[in-house]
Each structure stands twice: as structure tokens, then as C-alpha cells.
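The structure appears below as C-alpha cells.
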Amino acid sequence: MLAVLPAVLAVSTARIRPVGLRAARNVPAHGDRRAAAHGGDPAGEARPGLDQDGPVKWTRAVHHLRDLAEKCAELEDRPNPIHRLRVVALWAVGDILDRARDIDRVTVALAVDLPADDVPWLSEPIGAEHWSNATRLSRSPITALWRSTRVPVWNHRIDRPALVWDVEEGLAEDVLSALAEGRGDQVRTAAPSADDLRARLADELASSLRALRERTRAYEDKRWQPGKLEPVADTLWRAGEGYLDVLDAVTRSTPDATPRP
């Protein structure tokens, strides 16, 4: 692990705009550059170009969630040959599952039919940017957390999510109605056991470390070649953030544990 840290630091200081990490981090999705808030809604800060600059009214937040779910269904019914990324489930996460009030952003988990190592924590799968533009996700006050269907959607940040749409059952009108009325707690999934959470963290940490090593090698291969380095550097930055976020969670859950290199 020590071998990859210089590359991560070099990317952070030389090729990516600095974005100081706070004690309470925000999870990055497309356009966001912060990690998840420890205990709280993992929603990112507002991005330039959005129609609203302040908190989102509850009714608007639920509207944005429904609109994204309907766009997921539209893409499933009429696949876009250009945007081949396939989202198969949409989950509500964080503040939108709480009581009705103004919130900073809507947080969702998007499950894609890809191997887990193709969607490491806090990373974006290939095609995420095109998908976000096609669904207008990139223009909405929504933070997306990308997940593989091959692993549970929940983890240390995605706490008891609620399924809003999937390819098998379609739009979950009962869930959307409950969220609109501030009854999200009634439609959330059950919490995992402590043992299940520890096992999920171990798997997530291993996957994140593999991603960090792979993206470090990709950065080294590209570093002195012609062309833009920023896309490769961004990918490495996300992999590093994801690994460190899971490592922090593992350390909190097992204080005596020594991280493996």
C-alpha cells in the first residue's frame, strides 16, 4: 500500500484541483469531489449549473427522485445504443428517507449489472457520465452512489435504503408515496447484523484496494504519454478516496485491526 501513496499524492497535488477533505465528508458522484459524511446524508454540495442554489424543498426533492426513476424506466424500455450502461435498480438513501423538510440534496444508489470490481466504492463505472447526461442526473440536485448488482447495495454509508425502481417490479409507487409524506422509515430495508456489516466492509476494502492498485498502474502508464491525463487522474483519485473511506470504517468497527498493505 505504501508504494501507491506517492502516486495518489502526486495526482492530488499536480493534476486535480485541491478540495480539502472535511471531518464530515460528502460522497462524490458525477461532478462531486468529496467523500461521504460520517453519520448523516452522504449528499454532495450543489454543483454549478443547477437551477437551485439553496436547500431543496421536500416536494421538489421527491419530484426529482420520481423523475429519475421514470427516466430509468424509459431507458430500460428504449435502450440507447450510444449510452450502453445499464442501470437496473434505483434506491433512495439518506435524508430523503427521513421526515419531510428542506434538504441539501437527494442521495440515491444506482445499481448496475457489472462485476463488483468494475464499480469500486465512490467510483463511477464506464459510461456513467453519458448516462447522467442522458437522464439529466447531472443537472439535478442529486448525488448518485454507483453500486454493482453482484454485491449488496448497502454498506457503511448506504444505511437501510429504500427501493424506488427496478427492472423487475418497475416504479414502487408505495415507496414514493411514503417518502412524499415523510414516512420513509416505514419503507426502508432491514438493517444488517453487525457480523454481516463487518463481512461487507472486509469485501469492500479488498475490492477498493484492488481498484486503487489497478488505477495507480493505469496512471503510471499514462503519466508520460501524450494526451489528457485528467480522466485517468480523476479515476485514481476516486479509487483512493473510496479505499480510504472504507479503511476508516473498518478501523472504526475494529479499533485493534491493523490494515493489510
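Following the order of the C-alpha cells, first chain is A, next is B, and so on, with residues numbered from 1 inside each chain and ligands from 1 in the order they appear.
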
Would you pick out the contacts of segment 187-193 of chain A at 7 Å or less, using only C-alpha atoms, so that residues sharing its chain but fewer than 6 positions from it are not included, and give the list as a list in words?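 Using only C-alpha atoms, the neighbours found are Arg160, Pro161, Ala162 and Val175 of chain A.
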
With a distance cut-off of 8 Å and only C-alpha atoms, select the neighbouring residues of segment 105-121 of chain A, excluding the residue or stretch itself and same-chain residues fewer than 6 positions from it, and output the selection as a ChimeraX atom specification. /A:41-46,55-56,61,64-65,85-96,141-151,153,158,204,207-208,210-211,239,242-243

Take the residues just selected and output them with C-alpha atoms as a short mmCIF file (atom, residue, chain, number, x, y, z; two decimals), in the first residue's frame.
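In the end it all went to result.cif:
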data_model
loop_
_atom_site.label_atom_id
_atom_site.label_comp_id
_atom_site.auth_asym_id
_atom_site.auth_seq_id
_atom_site.Cartn_x
_atom_site.Cartn_y
_atom_site.Cartn_z
CA ASP A 41 -26.84 12.05 4.48
CA PRO A 42 -23.94 11.37 2.10
CA ALA A 43 -25.04 14.21 -0.19
CA GLY A 44 -22.61 16.37 -2.09
CA GLU A 45 -22.57 20.13 -2.33
CA ALA A 46 -24.50 21.88 -5.08
CA PRO A 55 -31.88 23.77 0.08
CA VAL A 56 -34.32 21.67 -1.92
CA ALA A 61 -36.83 16.53 -3.75
CA HIS A 64 -36.58 14.82 -8.63
CA LEU A 65 -36.45 11.27 -7.29
CA LEU A 85 -24.51 1.48 -19.26
CA ARG A 86 -27.49 -0.41 -17.85
CA VAL A 87 -28.93 0.75 -14.54
CA VAL A 88 -31.21 -1.96 -13.15
CA ALA A 89 -32.28 -0.51 -9.79
CA LEU A 90 -32.65 2.85 -8.09
CA TRP A 91 -32.52 3.16 -4.30
CA ALA A 92 -33.28 6.16 -2.08
CA VAL A 93 -30.62 6.87 0.52
CA GLY A 94 -30.07 9.26 3.41
CA ASP A 95 -32.11 12.38 4.20
CA ILE A 96 -34.89 11.64 1.70
CA PRO A 141 -29.69 18.22 -7.12
CA ILE A 142 -28.98 14.50 -6.83
CA THR A 143 -25.88 12.70 -5.60
CA ALA A 144 -25.50 9.21 -7.08
CA LEU A 145 -23.63 6.34 -5.47
CA TRP A 146 -22.85 3.67 -8.05
CA ARG A 147 -23.16 0.03 -6.96
CA SER A 148 -22.80 -3.38 -8.55
CA THR A 149 -25.73 -5.79 -8.55
CA ARG A 150 -23.28 -8.55 -7.61
CA VAL A 151 -22.96 -7.24 -4.03
CA VAL A 153 -26.45 -2.28 -2.19
CA ILE A 158 -25.82 3.33 2.50
CA GLU A 204 -15.49 -3.68 0.15
CA SER A 207 -12.27 -4.52 -3.78
CA SER A 208 -11.27 -0.90 -3.15
CA ARG A 210 -7.63 -3.81 -5.95
CA ALA A 211 -9.12 -0.78 -7.70
CA ALA A 239 -10.29 4.95 -6.08
CA GLY A 242 -13.06 5.04 -1.79
CA TYR A 243 -10.31 2.93 -0.27
#

When you look at Asp195 of chain A with a cut-off of 12 Å (counting only C-alpha atoms), what residues show up, excluding the ones that are within fewer than 6 positions of it in the same chain? I need them as a ChimeraX atom specification. /A:201-202,253-254

Between A:Ala218, A:Ala134, A:Leu247, A:Glu76, which one has atoms that come closest to Ala233 of chain A, using only C-alpha atoms? A:Ala218

Straight-line distance linking atom CA of Gly182 of chain A with atom CA of Glu168 of chain A, stated in Å to one decimal: 25.7 Å

Would you kindly return, as a short mmCIF file (atom, residue, chain, number, x, y, z; two decimals) with C-alpha atoms, in the first residue's frame, each protein, DNA or RNA residue with an atom no farther than 6 Å from any atom of segment 68-75 of chain A, considering only C-alpha atoms and excluding same-chain residues fewer than 4 positions away?
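As written to disk, selection01.cif reads:
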data_model
loop_
_atom_site.label_atom_id
_atom_site.label_comp_id
_atom_site.auth_asym_id
_atom_site.auth_seq_id
_atom_site.Cartn_x
_atom_site.Cartn_y
_atom_site.Cartn_z
CA PRO A 79 -32.24 1.29 -24.65
CA THR A 135 -31.17 11.24 -17.69
CA TRP A 165 -37.47 1.33 -9.03
#

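Counting only C-alpha atoms and comparing A:Asp196, A:His156, A:Gly227, A:Asp185, the residue that lies closest to Thr251 of chain A is A:His156.
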
Which parts of segment 121-234 of chain A does DSSP call strand (DSSP E) when run on the backbone here, written out as a list in words?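 Those in segment 121-234 of chain A that DSSP calls strand (DSSP E) are Ile142, Thr143, Ala144, Leu145, Trp146, Arg147, Ser148, Ala162, Leu163, Val164, Trp165, Asp166, Gly170 and Leu171 of chain A.
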
Can I get the selection written as a short mmCIF file (atom, residue, chain, number, x, y, z; two decimals), in the first residue's frame, with C-alpha atoms?
data_model
loop_
_atom_site.label_atom_id
_atom_site.label_comp_id
_atom_site.auth_asym_id
_atom_site.auth_seq_id
_atom_site.Cartn_x
_atom_site.Cartn_y
_atom_site.Cartn_z
CA ILE A 142 -28.98 14.50 -6.83
CA THR A 143 -25.88 12.70 -5.60
CA ALA A 144 -25.50 9.21 -7.08
CA LEU A 145 -23.63 6.34 -5.47
CA TRP A 146 -22.85 3.67 -8.05
CA ARG A 147 -23.16 0.03 -6.96
CA SER A 148 -22.80 -3.38 -8.55
CA ALA A 162 -35.49 2.03 0.06
CA LEU A 163 -36.02 0.54 -3.40
CA VAL A 164 -37.72 3.10 -5.66
CA TRP A 165 -37.47 1.33 -9.03
CA ASP A 166 -36.04 -1.83 -10.53
CA GLY A 170 -40.98 -1.17 -12.03
CA LEU A 171 -41.82 2.01 -10.12
#

Quick one: pick out all alpha helix (DSSP H) residues within segment 40-200 of chain A from a backbone DSSP run and write them as a PyMOL selection string. chain A and resi 58-77+128-134+173-180+194-200

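Taking atom CA of Ile126 of chain A and atom CA of Arg66 of chain A as the two end points, the separation is 24.5 Å.
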
Using only C-alpha atoms: which of A:Leu197, A:Ala180, A:Leu122, A:Leu205 has the shortest distance to Pro152 of chain A: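 Residue with the minimum atom-to-atom distance to Pro152 of chain A: A:Leu197.
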
Taking only C-alpha atoms into account, which of A:Arg84, A:Val232, A:Gly54, A:Arg213 comes nearest Gly127 of chain A?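 Nearest candidate to Gly127 of chain A out of A:Arg84, A:Val232, A:Gly54, A:Arg213: A:Arg84.
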